[in-house]
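Asks: Below is the file work19.txt, which contains compact mmCIF, C-alpha atoms.
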# COMPACT_ATOMS: atom_id res chain seq x y z
CA MET B 1 32.53 16.51 67.31
CA SER B 2 31.25 17.64 63.93
CA ASP B 3 32.87 16.39 60.72
CA PRO B 4 35.12 19.17 59.36
CA ASN B 5 34.47 17.87 55.83
CA PRO B 6 30.82 16.82 55.73
CA PRO B 7 29.72 15.00 52.55
CA GLN B 8 28.46 17.36 49.88
CA PRO B 9 24.96 16.85 48.49
CA PRO B 10 24.76 15.58 44.90
CA ASN B 11 24.82 18.52 42.50
CA ARG B 12 24.19 17.05 39.03
CA LEU B 13 21.07 15.68 37.44
CA ARG B 14 19.94 14.20 34.13
CA TRP B 15 16.45 14.57 32.70
CA SER B 16 14.24 13.51 29.80
CA GLY B 17 10.72 14.64 28.88
CA MET B 18 8.09 13.36 26.46
CA THR B 19 4.41 13.99 25.61
CA HIS B 20 2.10 12.09 23.23
CA ARG B 21 -1.54 12.67 22.30
CA GLY B 22 -2.26 8.93 22.48
CA ARG B 23 -4.19 6.81 19.99
CA VAL B 24 -7.73 8.14 20.60
CA ARG B 25 -7.73 11.88 21.39
CA GLN B 26 -7.53 14.41 18.55
CA ASN B 27 -5.73 17.01 20.69
CA ASN B 28 -2.92 16.83 23.21
CA GLU B 29 -4.02 18.73 26.34
CA ASP B 30 -0.97 17.53 28.28
CA THR B 31 2.23 19.47 28.61
CA PHE B 32 5.53 19.21 30.44
CA LEU B 33 7.99 21.82 31.64
CA CYS B 34 11.77 21.74 32.15
CA LEU B 35 13.31 24.93 33.55
CA ASN B 36 16.56 26.08 35.15
CA PHE B 37 16.79 29.31 37.14
CA ASP B 38 19.12 31.41 39.24
CA ALA B 39 18.80 34.83 40.90
CA ASN B 40 18.54 36.63 37.55
CA GLU B 41 16.62 34.56 35.01
CA VAL B 42 14.67 31.43 34.11
CA ARG B 43 15.83 29.31 31.17
CA TYR B 44 13.81 26.77 29.19
CA LEU B 45 15.57 23.44 28.83
CA GLY B 46 15.48 20.86 26.05
CA LYS B 47 13.62 17.55 26.26
CA VAL B 48 16.84 15.74 27.21
CA GLY B 49 19.83 17.02 29.13
CA GLU B 50 22.29 16.88 32.00
CA ALA B 51 23.46 19.79 34.15
CA SER B 52 24.90 20.94 37.45
CA LEU B 53 22.98 22.43 40.38
CA GLU B 54 25.98 24.56 41.36
CA ASN B 55 24.76 27.72 39.65
CA GLY B 56 21.00 27.27 39.58
CA ASP B 57 17.98 25.26 40.66
CA PHE B 58 15.71 23.20 38.40
CA VAL B 59 11.95 22.87 38.00
CA PHE B 60 10.21 19.99 36.22
CA ALA B 61 6.46 19.61 35.90
CA VAL B 62 3.62 17.87 34.06
CA SER B 63 0.10 19.22 33.56
CA ASP B 64 -3.09 17.68 32.18
CA GLY B 65 -5.57 20.23 30.85
CA MET B 66 -9.34 19.94 30.75
CA GLY B 67 -12.26 21.99 29.54
CA GLY B 68 -10.63 23.18 26.34
CA ALA B 69 -8.08 21.94 23.85
CA LYS B 70 -5.45 24.50 24.92
CA SER B 71 -5.91 24.36 28.70
CA GLY B 72 -2.85 22.24 29.39
CA GLU B 73 -0.80 24.58 27.23
CA PHE B 74 -2.25 27.62 29.06
CA ALA B 75 -1.48 26.07 32.44
CA SER B 76 2.10 25.37 31.42
CA LYS B 77 2.65 28.92 30.14
CA ILE B 78 1.09 30.44 33.26
CA ALA B 79 3.19 28.17 35.49
CA ALA B 80 6.36 29.27 33.69
CA GLU B 81 5.34 32.93 33.99
CA LYS B 82 4.67 32.68 37.74
CA ILE B 83 7.88 30.70 38.29
CA THR B 84 9.75 33.49 36.50
CA GLN B 85 8.23 36.01 38.93
CA LEU B 86 8.70 34.04 42.15
CA LEU B 87 11.58 31.58 42.11
CA PRO B 88 14.59 33.71 41.04
CA LEU B 89 13.92 35.92 44.07
CA SER B 90 13.96 32.87 46.34
CA PHE B 91 17.24 31.72 44.76
CA LYS B 92 18.79 35.11 45.53
CA GLN B 93 17.63 34.88 49.17
CA SER B 94 19.02 31.36 49.46
CA ALA B 95 22.36 32.45 47.98
CA GLN B 96 22.51 35.20 50.61
CA GLN B 97 22.04 32.54 53.33
CA ILE B 98 18.54 33.82 54.10
CA ALA B 99 16.30 31.00 55.27
CA ILE B 100 13.42 30.47 52.84
CA GLY B 101 10.39 28.25 53.17
CA HIS B 102 10.29 26.26 49.94
CA GLY B 103 6.84 24.90 50.78
CA ASP B 104 5.40 28.37 51.39
CA ILE B 105 6.78 29.59 48.06
CA LEU B 106 5.31 26.60 46.22
CA ILE B 107 1.91 27.12 47.86
CA GLU B 108 1.96 30.75 46.70
CA LEU B 109 3.04 29.65 43.21
CA LEU B 110 0.11 27.23 42.79
CA HIS B 111 -2.37 29.75 44.19
CA ARG B 112 -1.13 32.34 41.67
CA ILE B 113 -1.52 29.86 38.79
CA HIS B 114 -5.00 28.94 40.04
CA ALA B 115 -6.02 32.60 40.24
CA GLU B 116 -4.77 33.28 36.71
CA LEU B 117 -6.72 30.32 35.27
CA LEU B 118 -9.86 31.51 37.07
CA LYS B 119 -9.34 35.00 35.64
CA LEU B 120 -9.00 33.65 32.10
CA GLY B 121 -12.18 31.64 32.63
CA ARG B 122 -14.06 34.77 33.73
CA TYR B 123 -12.96 37.05 30.90
CA TYR B 124 -12.78 34.72 27.90
CA GLU B 125 -15.70 32.55 26.81
CA GLU B 126 -13.42 29.93 25.22
CA CYS B 127 -11.60 29.56 28.56
CA ARG B 128 -14.69 29.19 30.76
CA GLY B 129 -14.40 26.12 32.99
CA MET B 130 -10.82 25.55 31.89
CA GLY B 131 -8.72 23.70 34.44
CA ALA B 132 -5.55 21.68 34.81
CA THR B 133 -3.68 19.30 37.06
CA LEU B 134 -0.11 20.21 37.98
CA SER B 135 2.65 18.10 39.51
CA LEU B 136 5.81 20.16 39.95
CA GLY B 137 9.23 19.50 41.44
CA TRP B 138 11.85 22.06 42.47
CA PHE B 139 15.35 20.55 42.74
CA THR B 140 17.98 22.14 44.95
CA PRO B 141 21.27 20.45 45.97
CA GLY B 142 20.26 17.35 47.92
CA TRP B 143 16.50 18.05 47.89
CA LEU B 144 13.30 17.79 45.89
CA HIS B 145 10.51 20.16 46.97
CA PHE B 146 7.20 19.36 45.31
CA ALA B 147 3.75 20.84 44.81
CA HIS B 148 0.77 18.99 43.37
CA ILE B 149 -2.92 19.32 42.54
CA GLY B 150 -5.02 16.80 40.60
CA ASP B 151 -4.38 13.22 39.50
CA SER B 152 -1.05 13.54 37.72
CA ARG B 153 1.68 11.97 39.87
CA ILE B 154 5.24 12.21 41.16
CA TYR B 155 7.06 8.93 41.90
CA TRP B 156 10.37 8.53 43.72
CA LEU B 157 12.65 5.53 43.26
CA PRO B 158 15.40 5.80 45.91
CA LYS B 159 18.72 4.17 45.02
CA GLY B 160 18.42 0.50 45.96
CA GLY B 161 14.93 1.06 47.37
CA THR B 162 11.27 0.62 46.47
CA MET B 163 9.32 3.06 44.30
CA LYS B 164 7.02 5.40 46.26
CA GLN B 165 4.18 7.61 45.01
CA LEU B 166 4.96 10.98 46.61
CA THR B 167 1.69 12.69 45.66
CA HIS B 168 -1.94 11.99 46.60
CA ASP B 169 -4.41 11.68 43.75
CA HIS B 170 -7.00 14.42 44.30
CA SER B 171 -9.75 12.17 42.99
CA TYR B 172 -12.64 10.26 44.50
CA VAL B 173 -11.00 6.96 43.54
CA GLY B 174 -7.65 8.07 44.99
CA TRP B 175 -9.40 8.86 48.27
CA LEU B 176 -11.00 5.39 48.31
CA GLN B 177 -7.64 3.77 47.59
CA ARG B 178 -5.87 5.69 50.38
CA LYS B 179 -8.58 4.52 52.79
CA GLY B 180 -7.88 0.94 51.71
CA GLU B 181 -11.40 0.42 50.36
CA ILE B 182 -10.24 -0.46 46.83
CA ASN B 183 -7.00 -1.76 45.30
CA GLU B 184 -5.07 -0.68 42.20
CA ARG B 185 -7.03 -3.00 39.88
CA GLN B 186 -10.38 -1.77 41.19
CA ALA B 187 -9.25 1.86 40.93
CA ARG B 188 -8.45 1.40 37.23
CA THR B 189 -11.95 0.19 36.39
CA HIS B 190 -13.98 2.30 38.83
CA PRO B 191 -16.85 4.16 37.12
CA ARG B 192 -15.90 7.41 38.93
CA LYS B 193 -12.14 7.26 38.34
CA SER B 194 -12.17 10.53 36.38
CA VAL B 195 -13.92 12.55 39.13
CA LEU B 196 -11.42 15.09 40.45
CA MET B 197 -11.87 16.69 43.87
CA GLN B 198 -9.19 19.34 43.31
CA VAL B 199 -7.85 21.01 40.18
CA LEU B 200 -6.36 24.36 39.21
CA GLY B 201 -8.92 26.72 37.67
CA ALA B 202 -12.15 25.10 36.46
CA GLY B 203 -14.22 27.69 38.33
CA ARG B 204 -13.21 26.27 41.74
CA GLN B 205 -12.59 28.97 44.31
CA HIS B 206 -10.55 26.98 46.84
CA VAL B 207 -7.57 24.67 46.40
CA GLU B 208 -5.25 23.00 48.91
CA PRO B 209 -2.04 21.94 47.15
CA HIS B 210 -0.20 18.85 48.35
CA ILE B 211 3.26 20.15 49.35
CA GLY B 212 6.28 18.14 50.47
CA SER B 213 10.05 17.60 50.36
CA VAL B 214 12.36 14.59 50.18
CA SER B 215 16.14 14.43 50.45
CA CYS B 216 17.95 13.05 47.40
CA GLU B 217 21.15 11.13 46.87
CA SER B 218 23.06 9.98 43.83
CA GLY B 219 21.21 7.18 42.07
CA ASP B 220 17.71 8.36 43.04
CA ARG B 221 15.23 8.65 40.16
CA PHE B 222 11.98 10.61 39.93
CA LEU B 223 9.03 10.38 37.55
CA PHE B 224 6.51 13.15 36.89
CA CYS B 225 3.61 11.80 34.81
CA THR B 226 0.00 12.44 33.77
CA ASP B 227 -2.79 9.91 34.20
CA GLY B 228 -2.43 8.76 30.59
CA VAL B 229 0.85 7.11 31.61
CA ILE B 230 -0.73 5.48 34.66
CA ASP B 231 -3.60 4.14 32.53
CA GLY B 232 -1.14 2.14 30.44
CA ILE B 233 1.34 0.91 33.06
CA TRP B 234 0.76 -0.99 36.30
CA ASP B 235 2.79 0.18 39.30
CA HIS B 236 5.08 -2.87 39.43
CA ARG B 237 5.95 -2.49 35.75
CA LEU B 238 6.38 1.27 36.18
CA ALA B 239 8.92 0.69 38.97
CA ASP B 240 10.96 -1.59 36.68
CA MET B 241 10.86 0.97 33.87
CA LEU B 242 11.74 3.94 36.11
CA ALA B 243 14.86 2.07 37.23
CA GLN B 244 16.30 2.04 33.71
CA ASP B 245 14.25 3.86 31.07
CA ASP B 246 13.84 7.44 29.90
CA ALA B 247 10.61 9.41 29.52
CA LYS B 248 10.24 8.60 25.82
CA THR B 249 10.35 4.84 26.44
CA ILE B 250 7.84 5.10 29.32
CA VAL B 251 5.38 7.25 27.36
CA GLU B 252 5.58 5.14 24.20
CA TYR B 253 5.00 1.96 26.22
CA ALA B 254 1.97 3.51 27.97
CA VAL B 255 0.49 4.58 24.62
CA THR B 256 1.02 1.09 23.19
CA GLU B 257 -0.65 -0.54 26.21
CA SER B 258 -3.55 1.94 26.45
CA GLY B 259 -3.37 5.16 24.47
CA ARG B 260 -6.89 6.22 25.48
CA ASP B 261 -5.60 9.51 26.88
CA ASN B 262 -2.75 11.94 26.30
CA ALA B 263 0.40 10.77 28.07
CA SER B 264 3.30 12.86 29.38
CA ALA B 265 6.33 12.11 31.54
CA VAL B 266 9.53 13.66 32.84
CA VAL B 267 12.24 11.41 34.33
CA VAL B 268 14.91 13.00 36.51
CA GLU B 269 17.99 11.11 37.77
CA ILE B 270 20.28 12.43 40.49
CA LEU B 271 23.91 11.83 39.44
Please express the file's structure as structure tokens.
Replies:
Amino acid sequence: MSDPNPPQPPNRLRWSGMTHRGRVRQNNEDTFLCLNFDANEVRYLGKVGEASLENGDFVFAVSDGMGGAKSGEFASKIAAEKITQLLPLSFKQSAQQIAIGHGDILIELLHRIHAELLKLGRYYEECRGMGATLSLGWFTPGWLHFAHIGDSRIYWLPKGGTMKQLTHDHSYVGWLQRKGEINERQARTHPRKSVLMQVLGAGRQHVEPHIGSVSCESGDRFLFCTDGVIDGIWDHRLADMLAQDDAKTIVEYAVTESGRDNASAVVVEIL
């Protein structure tokens, strides 16, 4: 017999975002995005906040640009524009109890961003070869749906559990690590660690986004971060920090420990 009063999924979350150019680079090509949307509009959120999922879904993302000082900024603006076009419609369908495929929508979203970056590269000399990583999460009550390309990352720390990396690094070194041929220490010092096999734009005609979903419960925490954060923090230390710290603390620690690259993070806690 089914429960007449099934438990309701958690419907509040708290977030923090931070980006830093690091101690070496002159420009910050990283960016992060915090958005809330419903059937009618998309709203930009502040760096820190807390809100309910009752009246809208949330999107958080980080992007690391390459091939031009403004490429991360371009990628972020294009992502926001495409989200504005696509996701409010999906929210309306969901509110009308129409089944929607979150993964299919996210695949279309990343393909649209990719196409726009390619178009900019074709028509504007200063944008030629411009590309970006993107790790994006779409929060609905009880769920995170994610889409990812590149070597930025999404981590999940379940309440009372062990931190998991949800995304695959689309890099040569990430591929070696997944095959078990190298460990975390070797990956950090590998001469080809910056070789990306997939990225948005950059003149590449074909991309295959990594798409997935995980169910959430109160106490779960998520981290979206660029490789500048990873460069400064080992996984075991990152797990300890994700359990208690905000994005600002994580980014500032990464910059202190390394700082060779731009560093960006968004931390999301399910309440």
Asks: Counting only C-alpha atoms, which residue out of B:Ser71, B:Ser90, B:Ser194, B:Ser215 sits closest to Gly228 of chain B?
Replies: B:Ser194
Asks: With all atoms listed in the file as the atoms that count, which of B:Phe37, B:Phe60, B:Tyr155, B:Phe91 lies nearest to Asp220 of chain B?
Replies: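 Using all atoms listed in the file, Asp220 of chain B sits closest to B:Tyr155.
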Asks: Restricting the calculation to only C-alpha atoms, which member of B:Leu271, B:Ala187, B:Ala79, B:Leu196 is positioned closest to Asp231 of chain B?
Replies: B:Ala187
Asks: Using all atoms listed in the file, find the one residue out of B:Ser16, B:Asn11, B:Thr133, B:Ser52 that sits nearest to Asp245 of chain B.
Replies: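 Among the listed residues, B:Ser16 lies closest to Asp245 of chain B.
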Asks: Skip Asp235 of chain B itself and residues of its chain fewer than 5 positions away, then list as a VMD selection string all residues within 10 Å of it, counting only C-alpha atoms.
Replies: chain B and resid 163 to 165 184 230 240 to 241
Asks: Could you check which of B:Ala95, B:Val266, B:Val62, B:Leu118 is closest to Gly203 of chain B, using all atoms listed in the file?
Replies: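 Once distances to Gly203 of chain B are computed over all atoms listed in the file, the minimum belongs to B:Leu118.
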Asks: May I ask for the distance between atom CA of Ala132 of chain B and atom CA of Val199 of chain B, given in Å to one decimal place?
Replies: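 Going from atom CA of Ala132 of chain B over to atom CA of Val199 of chain B, I get 5.9 Å.
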Asks: Which polymer residues, protein or nucleic acid, are no farther than 12 Å from (7.9, 6.7, 27.6), counting all atoms listed in the file, as a compact mmCIF listing (two decimals) with C-alpha atoms, keeping the file's coordinate frame?
Replies:
# COMPACT_ATOMS: atom_id res chain seq x y z
CA SER B 16 14.24 13.51 29.80
CA GLY B 17 10.72 14.64 28.88
CA MET B 18 8.09 13.36 26.46
CA THR B 19 4.41 13.99 25.61
CA HIS B 20 2.10 12.09 23.23
CA GLY B 22 -2.26 8.93 22.48
CA LEU B 223 9.03 10.38 37.55
CA PHE B 224 6.51 13.15 36.89
CA CYS B 225 3.61 11.80 34.81
CA THR B 226 0.00 12.44 33.77
CA GLY B 228 -2.43 8.76 30.59
CA VAL B 229 0.85 7.11 31.61
CA ILE B 230 -0.73 5.48 34.66
CA GLY B 232 -1.14 2.14 30.44
CA ILE B 233 1.34 0.91 33.06
CA LEU B 238 6.38 1.27 36.18
CA MET B 241 10.86 0.97 33.87
CA LEU B 242 11.74 3.94 36.11
CA GLN B 244 16.30 2.04 33.71
CA ASP B 245 14.25 3.86 31.07
CA ASP B 246 13.84 7.44 29.90
CA ALA B 247 10.61 9.41 29.52
CA LYS B 248 10.24 8.60 25.82
CA THR B 249 10.35 4.84 26.44
CA ILE B 250 7.84 5.10 29.32
CA VAL B 251 5.38 7.25 27.36
CA GLU B 252 5.58 5.14 24.20
CA TYR B 253 5.00 1.96 26.22
CA ALA B 254 1.97 3.51 27.97
CA VAL B 255 0.49 4.58 24.62
CA THR B 256 1.02 1.09 23.19
CA GLU B 257 -0.65 -0.54 26.21
CA GLY B 259 -3.37 5.16 24.47
CA ASN B 262 -2.75 11.94 26.30
CA ALA B 263 0.40 10.77 28.07
CA SER B 264 3.30 12.86 29.38
CA ALA B 265 6.33 12.11 31.54
CA VAL B 266 9.53 13.66 32.84
CA VAL B 267 12.24 11.41 34.33
